Amino acid sequence: MENRAEKRRIVLVPVAAQGHVTPMMQLGKALQSKGFSITIAQRQLKQISSSLQHVPGFDFVTIPESLPQFESKKLGPAEFLMNLNRTSEASFKECISQLLLQQGNDIACIIYDKLMYFCEAAAKDFNLPSIIFSTSSATIQVCYSVLSKLNAEKFLTDMKDPEMKDKMLEGLHPLRYSDLPTSGFGPLEPLLEMCKEVVNTRTASAIIINTAYCLESSSLSWLQQELGITVYSLGPLHTTSSLLEPSLLQEDRSCVEWLNKQKPRSVIYISLGSKAHMETKEMLEMAWGLANSNQPFLWVIRPGSILSFDGTESLLDEISKIVSERGYIVKWAPQIEVLGHPAVRGFWSHCGWNSILESILEGVPMICRPFQGEQKLNAMYVESVWRIGIQVGGEVERGSVERAVKRLMMDEEGAAMRERVLDLKEKLNASVRSGGSSYNAFDELVKYLNTNQR
Ligand code: UDP
């Protein structure tokens, strides 16, 4: 039996959401393969705890909850996050002190999700090295830096001026003011406050970003200069680790059998990630648009993802009738496997960062339907920078859905996007192979963790 106590321990602190947990676990697995012991410190959330504890070889500790439930319900997302960080400092310190008391627990580093910046206080108190982990793109991190320096009132006035909206952010081509991701975190003022906290590196020695130079070289160079700490861009992490990531929802594998029966490169896969919601009317328009496109499709409709609807089963019945035998609906799919399936030709995505990385790595072009600020920025990169997809804006309406699907799946335009995404896939694969930029960054991180002594 291996002696885990002899290995140096890394404490990982994820955010309890699928898009954050998955890359954090992948990072843990990659570090474990280099001889580190991994402890996951997580907040007391039942759903996440039970699914996470299946990761073999990881240890788990719980950070006692100190933010009262009733209080969290009253707050907007940015305020909630700041409050959570304020109230979790003491309980996380207690957690680390318990870990240090256990014999042989030599903590090499605390690596925490950038939104869990309360970890920094414990790292400082116990004189432990710490590293920030960003599960979103480098460009989002750049935007957080820019937002942290803005004045809310002036920004809101500027956004009413069309010239200002279109103005490029200095030294940050192709970003314009209006690209700054300001929706999805509630009112602007708390969001800007939150950005100040998130970009403050405090005593952290480095930041790890799940991206690669071939995708975001200028944002990465900008960050390296701006932050003054090491930036490890070592993504996409799911190529570095062999982990079958913990899924917070039960995967329905019947969709793979359905895909096996479809013609090669004929199917459009539709998924809006783990958090986005749609209105009933939009779902019905979407169903009609997909059906009218005459393309076979696989559609993930997550439980609870339909807003303002009180009888999900009957709506699903109605949708099933519209989509008939051309479409297949599941509640949650094994996404990476689906994107890599020979029958899949296109991906209708909400443009979460993980979904984009997964799509590029499987060489699948995208239709982008982003919901909030970060996703809108990701979609802009997909459409205008890498040119591997198209955006569908405005109201969801059956005609625009049908046109978008046909453009991607049948037109020459779609074929050109496919060529480009295959090219990008090759570059991304090269970056994680021996000698590639992400491979080297991971190597450097491991060296740092091995040599850095308390
Ligand atoms: N995912 C999945 N099955 C689904 C839908 C999504 O496994 O049916 C996974 C997907 O592979 C990705 C994650 O959920 O790794 C979603 O993360 P992303 O950053 O794309 O979006 P978020 O959920 O954070 O908005």
# chains A, B, ... in the order shown; residues from 1 in each chain; ligands from 1
$ residues_near_ligand --ligand "ligand 1" --cutoff "7 Å" --atoms "only C-alpha atoms and all ligand atoms" --output "NGL selection string"
:A and (17-20 or 22 or 247 or 251 or 271-276 or 300 or 331-336 or 351-356 or 358)
$ residues_around --residues "Ile131 in chain A" --least-positions-apart "4" --cutoff "6 Å" --atoms "only C-alpha atoms" --output "list in words"
Ile111, Ala204, Ser205, Ala206 and Ile207 of chain A
$ closest_atom_pairs --of "range 320-430 of chain A" --to "range 137-159 of chain A" --cutoff "8 Å" --atoms "only C-alpha atoms" --output "JSON lines"
{"residue": "A:Trp353", "atom": "CA", "partner": "A:Ser137", "partner_atom": "CA", "distance": 6.6}
{"residue": "A:Glu374", "atom": "CA", "partner": "A:Ile140", "partner_atom": "CA", "distance": 6.7}
{"residue": "A:Leu377", "atom": "CA", "partner": "A:Ile140", "partner_atom": "CA", "distance": 7.8}
{"residue": "A:Asn378", "atom": "CA", "partner": "A:Ser137", "partner_atom": "CA", "distance": 7.9}
$ write_last_selection --atoms "N, CA and C atoms" --output "PDB file, in the first residue's frame"
ATOM      1  N   TRP A 353     -16.589  28.185 -20.512  1.00  0.00           N
ATOM      2  CA  TRP A 353     -15.189  27.995 -20.930  1.00  0.00           C
ATOM      3  C   TRP A 353     -14.829  26.525 -21.112  1.00  0.00           C
ATOM      4  N   GLU A 374     -19.508  36.607 -19.088  1.00  0.00           N
ATOM      5  CA  GLU A 374     -18.317  35.801 -19.412  1.00  0.00           C
ATOM      6  C   GLU A 374     -18.553  34.975 -20.664  1.00  0.00           C
ATOM      7  N   LEU A 377     -18.349  37.031 -23.853  1.00  0.00           N
ATOM      8  CA  LEU A 377     -16.971  37.290 -24.259  1.00  0.00           C
ATOM      9  C   LEU A 377     -16.362  36.032 -24.914  1.00  0.00           C
ATOM     10  N   ASN A 378     -16.620  34.885 -24.305  1.00  0.00           N
ATOM     11  CA  ASN A 378     -16.140  33.627 -24.903  1.00  0.00           C
ATOM     12  C   ASN A 378     -16.704  33.460 -26.316  1.00  0.00           C
TER      13      ASN A 378
END
$ residues_around --residues "range 441-450 of chain A" --least-positions-apart "6" --cutoff "10 Å" --atoms "only C-alpha atoms" --output "PyMOL selection string"
chain A and resi 8-10+27+30-31+34-36+108-109+129+206+208+212+230-235+237+240+431-432+434-435
$ write_last_selection --atoms "C-alpha atoms" --output "CSV table (one decimal), in the first residue's frame"
chain,number,residue,atom,x,y,z
A,8,ARG,CA,3.8,16.4,0.0
A,9,ARG,CA,0.2,17.5,0.2
A,10,ILE,CA,-1.7,19.9,-1.9
A,27,LEU,CA,-5.6,19.6,-11.9
A,30,ALA,CA,-2.5,15.6,-12.8
A,31,LEU,CA,-0.6,16.6,-9.6
A,34,LYS,CA,3.5,13.6,-10.1
A,35,GLY,CA,3.5,12.2,-6.6
A,36,PHE,CA,1.5,14.7,-4.6
A,108,ALA,CA,3.2,22.0,-0.1
A,109,CYS,CA,0.7,24.5,-1.3
A,129,PRO,CA,2.6,28.9,-0.2
A,206,ALA,CA,1.3,32.4,-8.9
A,208,ILE,CA,-2.8,28.8,-12.9
A,212,ALA,CA,-3.1,27.7,-23.7
A,230,THR,CA,4.0,33.7,-12.4
A,231,VAL,CA,1.2,32.8,-14.8
A,232,TYR,CA,1.0,29.1,-15.5
A,233,SER,CA,-1.2,28.5,-18.6
A,234,LEU,CA,-1.3,24.7,-18.6
A,235,GLY,CA,-4.7,23.9,-20.2
A,237,LEU,CA,-6.4,20.2,-18.3
A,240,THR,CA,-3.3,16.2,-18.9
A,431,SER,CA,0.7,22.5,-26.6
A,432,VAL,CA,0.0,19.7,-24.2
A,434,SER,CA,6.2,17.1,-24.6
A,435,GLY,CA,7.8,20.4,-25.3
$ select_by_dssp --residues "range 96-134 of chain A" --states "alpha helix (DSSP H)" --output "ChimeraX atom specification"
/A:96-101,119-125
$ atom_distance --atom1 "CA of Val405 in chain A" --atom2 "CA of Ile268 in chain A"
7.8 Å
$ residues_around --residues "Ile306 in chain A" --least-positions-apart "4" --cutoff "8 Å" --atoms "only C-alpha atoms" --output "ChimeraX atom specification"
/A:277-280,283,312
